[in-house]
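Below is target.csv, which holds CSV, C-alpha atoms (C1' of nucleotides).
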chain,number,residue,atom,x,y,z
A,4,LEU,CA,-19.1,-16.5,-14.9
A,5,VAL,CA,-18.0,-16.8,-11.3
A,6,ALA,CA,-15.1,-19.0,-12.4
A,7,SER,CA,-13.8,-16.6,-15.1
A,8,THR,CA,-14.0,-13.7,-12.7
A,9,THR,CA,-11.9,-15.6,-10.2
A,10,MET,CA,-9.5,-16.4,-13.0
A,11,LEU,CA,-9.3,-12.8,-14.1
A,12,LEU,CA,-8.4,-11.7,-10.6
A,13,ALA,CA,-5.9,-14.5,-10.2
A,14,TYR,CA,-4.0,-13.4,-13.3
A,15,ALA,CA,-4.1,-9.8,-12.0
A,16,GLN,CA,-2.7,-10.9,-8.7
A,17,ASN,CA,0.3,-12.2,-10.4
A,18,GLY,CA,0.7,-9.1,-12.5
A,19,HIS,CA,-0.5,-10.8,-15.7
A,20,ILE,CA,-2.8,-7.9,-16.8
A,21,GLU,CA,-2.8,-9.0,-20.4
A,22,GLU,CA,-4.1,-12.4,-19.4
A,23,SER,CA,-6.8,-10.8,-17.2
A,24,LYS,CA,-7.9,-8.7,-20.2
A,25,LYS,CA,-8.1,-11.7,-22.4
A,26,VAL,CA,-10.3,-13.5,-19.9
A,27,PHE,CA,-12.5,-10.5,-19.6
A,28,GLU,CA,-12.8,-10.2,-23.4
A,29,GLY,CA,-13.6,-13.9,-23.8
A,30,MET,CA,-16.3,-14.0,-21.1
A,31,PRO,CA,-19.6,-15.5,-22.1
A,32,GLY,CA,-21.5,-12.7,-20.5
A,33,ARG,CA,-20.7,-10.0,-18.0
A,34,ASP,CA,-22.3,-8.9,-14.8
A,35,VAL,CA,-21.4,-5.9,-12.7
A,36,ILE,CA,-19.1,-8.0,-10.6
A,37,SER,CA,-16.9,-9.1,-13.6
A,38,TRP,CA,-16.9,-5.5,-14.8
A,39,ASN,CA,-15.8,-4.3,-11.4
A,40,ALA,CA,-13.1,-7.0,-11.3
A,41,MET,CA,-11.7,-5.6,-14.5
A,42,LEU,CA,-11.8,-2.1,-13.2
A,43,ALA,CA,-10.0,-3.1,-10.0
A,44,THR,CA,-7.4,-4.9,-12.1
A,45,PHE,CA,-6.5,-1.7,-14.1
A,46,SER,CA,-6.8,0.3,-10.9
A,47,GLY,CA,-4.2,-1.9,-9.2
A,48,ALA,CA,-1.9,-1.8,-12.2
A,49,GLY,CA,-2.1,2.0,-12.2
A,50,SER,CA,-3.6,1.9,-15.8
A,51,LEU,CA,-5.9,4.8,-15.3
A,52,GLU,CA,-6.8,5.3,-19.0
A,53,GLU,CA,-7.7,1.6,-19.5
A,54,MET,CA,-9.7,1.8,-16.3
A,55,GLU,CA,-11.6,4.8,-17.5
A,56,ARG,CA,-12.3,3.1,-20.8
A,57,VAL,CA,-13.8,0.1,-19.0
A,58,PHE,CA,-15.9,2.4,-16.7
A,59,ALA,CA,-17.2,4.3,-19.7
A,60,GLY,CA,-18.3,1.0,-21.3
A,61,MET,CA,-20.2,-0.2,-18.2
A,62,PRO,CA,-23.9,-0.5,-18.7
A,63,GLU,CA,-24.7,0.0,-15.0
A,64,PRO,CA,-21.8,1.1,-12.7
A,65,ASP,CA,-22.6,0.6,-9.1
A,66,LEU,CA,-21.2,1.9,-5.8
A,67,VAL,CA,-18.3,-0.5,-6.0
A,68,SER,CA,-17.4,0.7,-9.5
A,69,TRP,CA,-17.4,4.3,-8.4
A,70,THR,CA,-15.3,3.7,-5.3
A,71,THR,CA,-12.8,1.7,-7.3
A,72,LEU,CA,-12.3,4.7,-9.5
A,73,LEU,CA,-12.0,7.0,-6.6
A,74,ALA,CA,-9.4,4.8,-4.9
A,75,ALA,CA,-7.5,4.5,-8.1
A,76,TYR,CA,-7.1,8.3,-8.4
A,77,ALA,CA,-6.2,8.4,-4.7
A,78,GLN,CA,-3.5,5.8,-5.2
A,79,SER,CA,-2.0,7.7,-8.1
A,80,GLY,CA,-2.0,10.9,-6.1
A,81,ILE,CA,-4.5,12.7,-8.3
A,82,THR,CA,-6.5,14.0,-5.4
A,83,ILE,CA,-8.6,16.4,-7.5
A,84,ALA,CA,-9.8,13.6,-9.7
A,85,ALA,CA,-10.7,11.6,-6.6
A,86,LYS,CA,-12.8,14.5,-5.3
A,87,LYS,CA,-14.4,14.9,-8.7
A,88,THR,CA,-15.4,11.3,-8.7
A,89,PHE,CA,-16.8,11.6,-5.3
A,90,ASP,CA,-18.9,14.6,-6.3
A,91,ALA,CA,-20.2,12.8,-9.4
A,92,MET,CA,-21.4,9.7,-7.5
A,93,PRO,CA,-25.1,9.1,-7.7
A,94,GLN,CA,-25.2,7.7,-4.2
A,95,LEU,CA,-22.7,7.6,-1.3
A,96,ASN,CA,-22.0,5.1,1.3
A,97,LEU,CA,-19.4,4.7,4.1
A,98,VAL,CA,-16.9,3.2,1.7
A,99,ALA,CA,-17.1,6.2,-0.5
A,100,TRP,CA,-16.6,8.6,2.4
A,101,ASN,CA,-13.7,6.5,3.6
A,102,SER,CA,-12.2,6.5,0.1
A,103,LEU,CA,-12.3,10.3,-0.1
A,104,LEU,CA,-10.9,10.6,3.4
A,105,SER,CA,-8.0,8.3,2.5
A,106,ALA,CA,-7.5,10.2,-0.8
A,107,TYR,CA,-6.9,13.4,1.2
A,108,GLY,CA,-4.6,11.6,3.6
A,109,LYS,CA,-2.5,10.2,0.8
A,110,GLY,CA,-2.4,13.6,-0.8
A,111,GLY,CA,-1.2,15.2,2.4
A,112,GLN,CA,-4.2,17.4,2.5
A,113,ILE,CA,-4.8,17.2,6.2
A,114,GLU,CA,-7.3,20.0,6.4
A,115,ASN,CA,-9.6,18.4,3.8
A,116,ALA,CA,-9.1,15.1,5.5
A,117,ARG,CA,-10.3,16.6,8.8
A,118,SER,CA,-13.3,18.3,7.3
A,119,THR,CA,-14.3,15.1,5.5
A,120,PHE,CA,-14.0,13.2,8.7
A,121,GLU,CA,-16.2,15.7,10.5
A,122,GLU,CA,-18.7,15.8,7.7
A,123,MET,CA,-19.2,12.2,7.1
A,124,PRO,CA,-22.5,10.8,8.4
A,125,GLU,CA,-21.0,7.8,10.2
A,126,ARG,CA,-17.5,6.6,10.9
A,127,ASP,CA,-16.0,3.1,11.4
A,128,LEU,CA,-12.6,1.9,12.4
A,129,ILE,CA,-11.4,2.4,8.8
A,130,SER,CA,-12.4,6.1,9.0
A,131,TRP,CA,-10.5,6.5,12.3
A,132,ASN,CA,-7.4,4.7,11.0
A,133,SER,CA,-7.5,6.8,7.8
A,134,ILE,CA,-7.5,10.1,9.7
A,135,LEU,CA,-4.9,8.7,12.0
A,136,GLY,CA,-2.8,7.9,9.0
A,137,ALA,CA,-3.3,11.3,7.5
A,138,CYS,CA,-1.8,12.9,10.6
A,139,ALA,CA,1.0,10.4,11.0
A,140,GLN,CA,2.0,10.5,7.3
A,141,ILE,CA,2.8,14.2,7.4
A,142,GLY,CA,4.6,13.9,10.7
A,143,HIS,CA,2.0,15.4,12.9
A,144,THR,CA,2.6,13.0,15.7
A,145,LYS,CA,1.0,15.2,18.4
A,146,GLU,CA,-2.3,15.2,16.5
A,147,ALA,CA,-1.9,11.5,15.7
A,148,ASN,CA,-1.7,10.9,19.5
A,149,VAL,CA,-4.9,12.9,20.1
A,150,VAL,CA,-6.7,10.9,17.4
A,151,PHE,CA,-5.3,7.7,18.8
A,152,ALA,CA,-6.5,8.5,22.3
A,153,GLU,CA,-10.0,9.5,21.0
A,154,MET,CA,-10.5,6.4,18.9
A,155,PRO,CA,-13.4,4.2,20.1
A,156,ARG,CA,-11.6,1.1,19.1
A,157,ARG,CA,-8.1,0.2,17.9
A,158,ASP,CA,-6.7,-2.6,15.9
A,159,LEU,CA,-3.2,-3.7,14.7
A,160,ILE,CA,-3.5,-1.2,11.9
A,161,SER,CA,-4.0,1.7,14.3
A,162,TRP,CA,-0.9,0.7,16.2
A,163,THR,CA,1.2,0.2,13.2
A,164,THR,CA,0.1,3.6,11.8
A,165,MET,CA,1.5,5.2,15.0
A,166,LEU,CA,4.7,3.2,14.5
A,167,VAL,CA,5.0,4.5,11.0
A,168,GLY,CA,4.5,8.1,12.2
A,169,TYR,CA,7.4,7.8,14.6
A,170,THR,CA,9.5,6.0,12.0
A,171,GLN,CA,9.1,8.9,9.6
A,172,GLN,CA,9.9,11.4,12.3
A,173,GLU,CA,13.1,9.3,12.8
A,174,ASN,CA,12.0,9.0,16.4
A,175,LEU,CA,13.4,5.5,16.9
A,176,ALA,CA,13.0,5.5,20.7
A,177,ALA,CA,9.3,6.3,20.4
A,178,ALA,CA,8.9,3.7,17.6
A,179,ASN,CA,10.5,1.0,19.7
A,180,ARG,CA,8.3,2.1,22.6
A,181,VAL,CA,5.1,1.8,20.6
A,182,PHE,CA,6.2,-1.6,19.3
A,183,GLN,CA,6.7,-2.9,22.8
A,184,LYS,CA,3.3,-1.5,23.9
A,185,MET,CA,1.2,-2.9,21.1
A,186,PRO,CA,-1.0,-5.8,22.1
A,187,GLN,CA,0.0,-8.0,19.2
A,188,HIS,CA,2.6,-8.1,16.4
A,189,ASP,CA,2.3,-9.3,12.9
A,190,LEU,CA,4.5,-9.4,9.9
A,191,VAL,CA,3.8,-5.8,9.0
A,192,SER,CA,4.4,-4.3,12.4
A,193,CYS,CA,7.6,-6.3,12.7
A,194,THR,CA,8.8,-5.1,9.3
A,195,THR,CA,7.9,-1.5,10.3
A,196,VAL,CA,10.0,-1.6,13.4
A,197,LEU,CA,12.8,-3.2,11.4
A,198,ALA,CA,12.5,-0.3,8.9
A,199,ALA,CA,12.7,2.2,11.8
A,200,ASN,CA,15.9,0.7,13.0
A,201,ALA,CA,17.3,0.3,9.5
A,202,ARG,CA,16.6,3.9,8.7
A,203,ASN,CA,18.5,5.0,11.7
A,204,GLY,CA,21.5,3.1,10.7
A,205,HIS,CA,21.4,0.4,13.4
A,206,LEU,CA,22.7,-2.3,11.1
A,207,GLU,CA,23.5,-5.0,13.6
A,208,LYS,CA,20.3,-4.5,15.5
A,209,SER,CA,18.3,-4.6,12.3
A,210,LYS,CA,20.0,-7.8,11.1
A,211,HIS,CA,19.2,-9.3,14.5
A,212,LEU,CA,15.6,-8.2,14.3
A,213,PHE,CA,15.4,-9.6,10.8
A,214,ASP,CA,16.8,-13.0,12.0
A,215,GLN,CA,14.4,-13.1,14.9
A,216,MET,CA,11.3,-12.4,12.8
A,217,PRO,CA,8.8,-15.3,12.9
A,218,GLN,CA,8.0,-14.7,9.2
A,219,ARG,CA,9.5,-12.7,6.5
A,220,ASP,CA,8.2,-11.6,3.2
A,221,VAL,CA,9.6,-9.7,0.2
A,222,VAL,CA,9.1,-6.4,2.0
A,223,SER,CA,11.2,-7.4,5.0
A,224,TRP,CA,13.9,-8.6,2.7
A,225,ASN,CA,13.7,-5.3,0.8
A,226,VAL,CA,14.1,-3.3,4.1
A,227,LEU,CA,17.4,-5.0,4.7
A,228,LEU,CA,18.5,-4.7,1.1
A,229,THR,CA,17.7,-1.0,1.1
A,230,MET,CA,19.5,-0.5,4.4
A,231,TYR,CA,22.8,-2.0,3.1
A,232,GLY,CA,22.5,0.0,-0.1
A,233,GLU,CA,22.1,3.3,1.8
A,234,HIS,CA,25.2,2.6,3.8
A,235,GLU,CA,27.3,2.0,0.8
A,236,LEU,CA,27.5,-1.8,1.4
A,237,ALA,CA,26.5,-2.8,-2.2
A,238,ASP,CA,28.2,-6.2,-1.7
A,239,GLU,CA,25.9,-7.0,1.2
A,240,ALA,CA,23.0,-5.7,-0.7
A,241,LYS,CA,23.8,-7.9,-3.6
A,242,LYS,CA,24.1,-10.9,-1.2
A,243,ILE,CA,20.6,-10.2,0.2
A,244,PHE,CA,19.2,-9.8,-3.3
A,245,LYS,CA,20.6,-13.3,-4.1
A,246,ASP,CA,19.4,-14.8,-0.9
A,247,MET,CA,15.8,-13.6,-1.1
A,248,PRO,CA,13.2,-16.0,-2.3
A,249,TYR,CA,11.7,-13.7,-4.9
A,250,HIS,CA,12.0,-10.1,-6.0
A,251,SER,CA,9.6,-7.2,-6.3
A,252,LEU,CA,10.1,-4.0,-8.3
A,253,ALA,CA,11.2,-2.4,-5.1
A,254,SER,CA,14.0,-5.0,-4.7
A,255,TRP,CA,15.4,-4.2,-8.2
A,256,ASN,CA,15.1,-0.4,-7.5
A,257,SER,CA,16.9,-0.7,-4.2
A,258,LEU,CA,19.8,-2.7,-5.6
A,259,LEU,CA,20.0,-0.3,-8.5
A,260,SER,CA,20.3,2.6,-6.2
A,261,ALA,CA,22.8,0.7,-4.0
A,262,HIS,CA,25.1,0.6,-7.0
A,263,LEU,CA,24.5,4.2,-7.8
A,264,VAL,CA,25.2,5.3,-4.3
A,265,GLU,CA,28.7,3.7,-4.7
A,266,GLY,CA,29.1,5.4,-8.0
A,267,ASP,CA,29.2,2.0,-9.7
A,268,PHE,CA,27.5,3.0,-12.9
A,269,TYR,CA,28.7,-0.1,-14.7
A,270,SER,CA,27.0,-2.5,-12.4
A,271,ALA,CA,23.9,-0.2,-12.3
A,272,SER,CA,23.5,-0.2,-16.0
A,273,GLN,CA,24.1,-3.9,-16.2
A,274,LEU,CA,21.4,-4.5,-13.6
A,275,PHE,CA,19.1,-2.1,-15.3
A,276,SER,CA,19.2,-4.1,-18.5
A,277,GLN,CA,18.4,-7.2,-16.5
A,278,MET,CA,15.3,-5.8,-14.9
A,279,PRO,CA,12.2,-7.6,-15.9
A,280,LEU,CA,9.1,-5.6,-16.9
A,281,LYS,CA,7.2,-7.5,-14.3
A,282,ASP,CA,8.8,-9.6,-11.6
B,19,A,C1',-21.1,-12.8,-2.5
B,20,G,C1',-16.6,-14.1,-7.5
B,21,U,C1',-15.8,-7.2,-7.2
B,22,A,C1',-14.6,-1.4,-3.9
B,23,U,C1',-12.3,2.0,1.2
B,24,U,C1',-7.4,2.1,6.4
B,25,G,C1',-0.9,0.1,8.3
B,26,G,C1',5.3,-1.9,6.3
B,27,C,C1',10.2,-1.6,1.7
B,28,U,C1',11.8,1.2,-3.7
B,29,C,C1',9.4,4.9,-7.0
Transcribe the structure of this file into structure tokens.
Amino acid sequence: LVASTTMLLAYAQNGHIEESKKVFEGMPGRDVISWNAMLATFSGAGSLEEMERVFAGMPEPDLVSWTTLLAAYAQSGITIAAKKTFDAMPQLNLVAWNSLLSAYGKGGQIENARSTFEEMPERDLISWNSILGACAQIGHTKEANVVFAEMPRRDLISWTTMLVGYTQQENLAAANRVFQKMPQHDLVSCTTVLAANARNGHLEKSKHLFDQMPQRDVVSWNVLLTMYGEHELADEAKKIFKDMPYHSLASWNSLLSAHLVEGDFYSASQLFSQMPLKD
RNA sequence: AGUAUUGGCUC
């Protein structure tokens, strides 16, 4: 049972949802963990209806099941459904509160996020990071700064969240300052500061940052690809696309819009027909 | 614990 749950999730990780489903259906028995793994798989794939069907078939959904649902609605931007799920939960824990808080943050409902944050019986670093993200996401950098100063503890995520806030404000100077001030860097923070520079049209600097990065992943490559596309350098974008070790949906979308920006509808439609359903 | 909640690219 443990082995098949692991296998189910391994397929899901690689986007092979159909295989995950087959594993689930062929399981010798099911416990709440394998049910929840199936839920999480559909949640991650954005297959809300299938997820709901699985949930409805569960003999005994637990807190994990409920919060998986809640998070799935949040992810899809259906904040009302997330709140309804929260209200329907037989018990609550910190994860449930955090999930609701994050749902409001993702939905840009800062007031609801704030009142949830005040109302929750306890808060951990995830709660603080979530309210910080809610402020940063809608460009309230002043409020984000207040939260950041008030936080009892900060981690790399807190710092990167601030970085994202300034990036979205197109405040490159502040973004670079935060980046230099943070105690550590990782792949995500490096990619974020790269994106900040790329968005502001600093092509050379961005290329340099990219080359200097200790590690790169598909997102870092995508940032560069998107940057060239937005500056009508479709040939450069195409080169990046060829050079990158693997592609995500975002890579395809970015190259597609690179062609569209240049008005190259022929290349765009050709590329479109080459897009895999799952890459 | 084999499952759920917070940060980066496109949508």
Interface rows for chain A against chain B: nearest pair, Å to one decimal, 6 Å, only C-alpha atoms (C1' of nucleotides), as JSON lines:
{"residue": "A:Val5", "atom": "CA", "partner": "B:G20", "partner_atom": "C1'", "distance": 4.9}
{"residue": "A:Thr8", "atom": "CA", "partner": "B:G20", "partner_atom": "C1'", "distance": 5.8}
{"residue": "A:Thr9", "atom": "CA", "partner": "B:G20", "partner_atom": "C1'", "distance": 5.6}
{"residue": "A:Ile36", "atom": "CA", "partner": "B:U21", "partner_atom": "C1'", "distance": 4.8}
{"residue": "A:Asn39", "atom": "CA", "partner": "B:U21", "partner_atom": "C1'", "distance": 5.1}
{"residue": "A:Ala40", "atom": "CA", "partner": "B:U21", "partner_atom": "C1'", "distance": 4.9}
{"residue": "A:Val67", "atom": "CA", "partner": "B:A22", "partner_atom": "C1'", "distance": 4.3}
{"residue": "A:Thr70", "atom": "CA", "partner": "B:A22", "partner_atom": "C1'", "distance": 5.3}
{"residue": "A:Thr71", "atom": "CA", "partner": "B:A22", "partner_atom": "C1'", "distance": 4.9}
{"residue": "A:Val98", "atom": "CA", "partner": "B:U23", "partner_atom": "C1'", "distance": 4.8}
{"residue": "A:Asn101", "atom": "CA", "partner": "B:U23", "partner_atom": "C1'", "distance": 5.3}
{"residue": "A:Ser102", "atom": "CA", "partner": "B:U23", "partner_atom": "C1'", "distance": 4.6}
{"residue": "A:Ile129", "atom": "CA", "partner": "B:U24", "partner_atom": "C1'", "distance": 4.7}
{"residue": "A:Asn132", "atom": "CA", "partner": "B:U24", "partner_atom": "C1'", "distance": 5.3}
{"residue": "A:Ser133", "atom": "CA", "partner": "B:U24", "partner_atom": "C1'", "distance": 4.9}
{"residue": "A:Ile160", "atom": "CA", "partner": "B:G25", "partner_atom": "C1'", "distance": 4.6}
{"residue": "A:Thr163", "atom": "CA", "partner": "B:G25", "partner_atom": "C1'", "distance": 5.3}
{"residue": "A:Thr164", "atom": "CA", "partner": "B:G25", "partner_atom": "C1'", "distance": 5.0}
{"residue": "A:Val191", "atom": "CA", "partner": "B:G26", "partner_atom": "C1'", "distance": 5.0}
{"residue": "A:Thr194", "atom": "CA", "partner": "B:G26", "partner_atom": "C1'", "distance": 5.6}
{"residue": "A:Thr195", "atom": "CA", "partner": "B:G26", "partner_atom": "C1'", "distance": 4.8}
{"residue": "A:Val222", "atom": "CA", "partner": "B:C27", "partner_atom": "C1'", "distance": 4.9}
{"residue": "A:Asn225", "atom": "CA", "partner": "B:C27", "partner_atom": "C1'", "distance": 5.2}
{"residue": "A:Val226", "atom": "CA", "partner": "B:C27", "partner_atom": "C1'", "distance": 4.9}
{"residue": "A:Ala253", "atom": "CA", "partner": "B:U28", "partner_atom": "C1'", "distance": 3.9}
{"residue": "A:Asn256", "atom": "CA", "partner": "B:U28", "partner_atom": "C1'", "distance": 5.3}
{"residue": "A:Ser257", "atom": "CA", "partner": "B:U28", "partner_atom": "C1'", "distance": 5.5}
May I have the residues from that selection written out with C-alpha atoms, as an mmCIF file, in the coordinates of the input?
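So part-v9.cif came out as:
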data_model
loop_
_atom_site.group_PDB
_atom_site.id
_atom_site.type_symbol
_atom_site.label_atom_id
_atom_site.label_comp_id
_atom_site.auth_asym_id
_atom_site.auth_seq_id
_atom_site.Cartn_x
_atom_site.Cartn_y
_atom_site.Cartn_z
ATOM 1 C CA VAL A 5 -18.000 -16.800 -11.300
ATOM 2 C CA THR A 8 -14.000 -13.700 -12.700
ATOM 3 C CA THR A 9 -11.900 -15.600 -10.200
ATOM 4 C CA ILE A 36 -19.100 -8.000 -10.600
ATOM 5 C CA ASN A 39 -15.800 -4.300 -11.400
ATOM 6 C CA ALA A 40 -13.100 -7.000 -11.300
ATOM 7 C CA VAL A 67 -18.300 -0.500 -6.000
ATOM 8 C CA THR A 70 -15.300 3.700 -5.300
ATOM 9 C CA THR A 71 -12.800 1.700 -7.300
ATOM 10 C CA VAL A 98 -16.900 3.200 1.700
ATOM 11 C CA ASN A 101 -13.700 6.500 3.600
ATOM 12 C CA SER A 102 -12.200 6.500 0.100
ATOM 13 C CA ILE A 129 -11.400 2.400 8.800
ATOM 14 C CA ASN A 132 -7.400 4.700 11.000
ATOM 15 C CA SER A 133 -7.500 6.800 7.800
ATOM 16 C CA ILE A 160 -3.500 -1.200 11.900
ATOM 17 C CA THR A 163 1.200 0.200 13.200
ATOM 18 C CA THR A 164 0.100 3.600 11.800
ATOM 19 C CA VAL A 191 3.800 -5.800 9.000
ATOM 20 C CA THR A 194 8.800 -5.100 9.300
ATOM 21 C CA THR A 195 7.900 -1.500 10.300
ATOM 22 C CA VAL A 222 9.100 -6.400 2.000
ATOM 23 C CA ASN A 225 13.700 -5.300 0.800
ATOM 24 C CA VAL A 226 14.100 -3.300 4.100
ATOM 25 C CA ALA A 253 11.200 -2.400 -5.100
ATOM 26 C CA ASN A 256 15.100 -0.400 -7.500
ATOM 27 C CA SER A 257 16.900 -0.700 -4.200
#
Counting only C-alpha atoms, the residue of A:Cys193, A:Ala74, A:Leu128, A:Leu274 that sits nearest Leu103 in chain A: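 Of A:Cys193, A:Ala74, A:Leu128, A:Leu274, the one nearest Leu103 in chain A, counting only C-alpha atoms, is A:Ala74.
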CA of Arg33 in chain A and CA of Met61 in chain A are how many Å apart?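 Pair CA of Arg33 in chain A / CA of Met61 in chain A returns 9.8 Å.
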Mind giving me the straight-line distance from CA of Ala15 in chain A to CA of Ser260 in chain A in Å, one decimal? 28.0 Å
Which residues are near Gly47 in chain A? Cut-off 12 Å, only C-alpha atoms (C1' of nucleotides), ignore same chain within fewer than 3 positions. Put them as a PyMOL selection string. (chain A and resi 12+15-20+40-44+50-51+53-54+71-72+74-79) or (chain B and resi 22)
In Å to one decimal, how far is CA of Ala99 in chain A from CA of Leu4 in chain A?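 Taking CA of Leu4 in chain A and CA of Ala99 in chain A, their separation equals 27.0 Å.
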Edge lengths and centre, in Å to one decimal, as lines of an AutoDock Vina configuration file: that's what I need for the box along x, y and z that holds all listed atoms of range 83-101 of chain A plus 3 Å on each side.
center_x = -16.9
center_y = 9.8
center_z = -2.8
size_x = 22.6
size_y = 19.2
size_z = 19.8
